[in-house]
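The structure appears below as structure tokens.
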Amino acid sequence: MSSKTNHTSPVISGDGFAGRMPAEWEPHEATWLAWPHNRADWPGKFEPIPWVFADIVRHLADVEGVHLIVGSDVERGQARRILKRCGVNLAQVRFHVLPTDRIWTRDSGAIFAYQARGEKSGKPGLVAINWKFNGWAKYPNYRRDARLPGFMADVARVPTVVPTIQVKSHSWHAVLEGGSIDVDGAGLLLTTRECLLSKVQARNPGGSKKAMEELFARYFGVKKVLWLESGIAGDDTHGHIDDTARFVAPGVVLACWEDNPRDENHRRLQKNYELLSTMTDADGKPLTVRKLPMPQPVYFDGQRLPASYANFYIANKKVLVPIFNDSADRAALNIIADCFVGRDVVPIPCRDMVWGLGTLHCMTQQQPAEMWQHRAQKNGPSDCCY
């Protein structure tokens, strides 16, 4: 199945809006992906990428719907042939024709949330938060990607919310990438100062810590923001959290750790771990923090790449974990499996994929189940509506 849409979803004003971003482990309706096409993202190494990508789709289509964005009808045919050869259940895949610049839907796509109340902004339910995407405040070719949030809202048939940030007398469409934040669904949000408060690759120039926290409280239902210092070496996003530390349960964090004191990640990850060890949840209870090892540094063509096991993706009944043909792969998989009892932990070889400067979490964006579906999956069919 394929679709082409014009913008049809209603736009809800951010004024009076109150939302809650569910944790990634809460039930999904589907996962959004974009078919790899930009050879410049994997110069000299593009050929294996569609096949790795197809295997990711195969695993996701086993447990939830897949919305797959393709640039043209020709590209859709190419993708279908590769997916079919890889044994993908195509009945679970819905194709959408929309040219994009890159495939990193985590950052360019809408972030779905539940509307907490409807007094001023309509009926409670699922909404698409349309954060502005500006190419990580670094790349000039992002305008096709910037259309993605509205497109996703149209396909999902949910309202769009456009968040604004206020600095003194000025306000503008707030910039945020999904890879820069992680939530536990119970009031906590993880991020880094390096990404959201630095003057380097500044997403919202002049935006303060207080202004960002107010945005997170309004649109994601966040009660407390946990600010770490920095991301990992090789990350061209300047500090995304999804390569650094991730929630695996309410108040429980996996934090990347580098044992080698000569590695440039050692001190920065040690500092993050020390900060997390002193932090508390919204009720003042200490966080549970576990160490997640780093692989040996991955280089290609002289460039260090952002290889991290923290870039896993939590799907319905599965957790897809990037691996790097490294001696630490097994330890990382075991640690993640301990955190997700009842879900299959699936290793995905990503040594080629990470040459594009991202892996599994970067390329995926979850569409949560509608609220009535969420309740049905959580509590059983006898209790299925709000």
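Residue names in the structure tokens use chain letters A, B, ... in the order shown, residue numbers from 1 in each chain, and ligand numbers from 1 in the order shown.
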
In range 10-257 of chain A, DSSP helix (DSSP H, G or I) residues written as a ChimeraX atom specification: /A:39-41,49-61,73-85,90-92,105-108,135-137,145-156,178-180,193-196,209-220,241-243

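Each of A:Ser171, A:Ser308, A:Gln303, A:Gln92 was checked against Gly231 in chain A using only C-alpha atoms; the smallest atom-to-atom distance is that of A:Ser308.
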
DSSP strand (DSSP E or B) residues within range 190-352 of chain A, listed as an MDAnalysis selection string: chainID A and resid 190:192 224:228 245:249 252:257 280 286 288:293 299:300 303:304 313:315 318:323 344:349

Selection near His59 in chain A, 12 Å with only C-alpha atoms, sequence-local residues under 6 positions removed, as a list of chain:residue names: A:Thr31, A:Val52, A:Phe53, A:Gly65, A:Val66, A:Leu83, A:Cys86, A:Gly87, A:Val88, A:Asn89, A:Leu90, A:Gln92, A:Val93, A:Tyr313, A:Ile314, A:Ala315, A:Asn316, A:Lys317, A:Lys318, A:Val319, A:Leu320, A:Val321, A:Asp344, A:Val345, A:Val346, A:Pro347, A:Ile348

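Shortest separation to Asp182 in chain A among A:Pro261, A:Pro250, A:Gly150, A:Pro140 occurs at residue A:Pro250, atoms counted being only C-alpha atoms.
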
Selection near range 96-101 of chain A, 8 Å with only C-alpha atoms, sequence-local residues under 5 positions removed, as a PyMOL selection string: chain A and resi 2-4+34+38+67-73+76+141-145

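Taking CA of Lys291 in chain A and CA of Gln270 in chain A as endpoints, the distance between them is 10.1 Å.
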
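Here CA of Phe220 in chain A stands at a distance of 4.6 Å from CA of Met21 in chain A.
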
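Closest approach to Ala186 in chain A from the set A:Ile232, A:Val11, A:Val252, A:Val341 is made by A:Val252, with distances taken over only C-alpha atoms.
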
Pick from A:Leu197, A:Ala30, A:Ala217, A:Val298, whichever lies nearest to Met152 in chain A using only C-alpha atoms: A:Ala30

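Residues with any atom within 7 Å of Leu126 in chain A, counting only C-alpha atoms and excluding same-chain neighbours fewer than 6 positions away, are Phe112, Ala113, Tyr114, Gln115, Val158, Glu370 and Met371 of chain A.
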
Output file for the residues above (C-alpha atoms, as a short mmCIF file (atom, residue, chain, number, x, y, z; two decimals), in the first residue's frame):
```
data_model
loop_
_atom_site.label_atom_id
_atom_site.label_comp_id
_atom_site.auth_asym_id
_atom_site.auth_seq_id
_atom_site.Cartn_x
_atom_site.Cartn_y
_atom_site.Cartn_z
CA PHE A 112 3.91 11.87 19.08
CA ALA A 113 2.38 12.60 22.47
CA TYR A 114 -0.90 12.18 24.28
CA GLN A 115 -2.99 15.27 24.85
CA VAL A 158 -4.08 13.17 14.36
CA GLU A 370 -4.09 5.48 20.42
CA MET A 371 -5.17 5.98 24.01
#
```

Close residues, Leu226 in chain A itself excluded, 9 Å, only C-alpha atoms, min 3 positions apart in chain, as a VMD selection string: chain A and resid 188 to 192 275 to 276 279 to 281
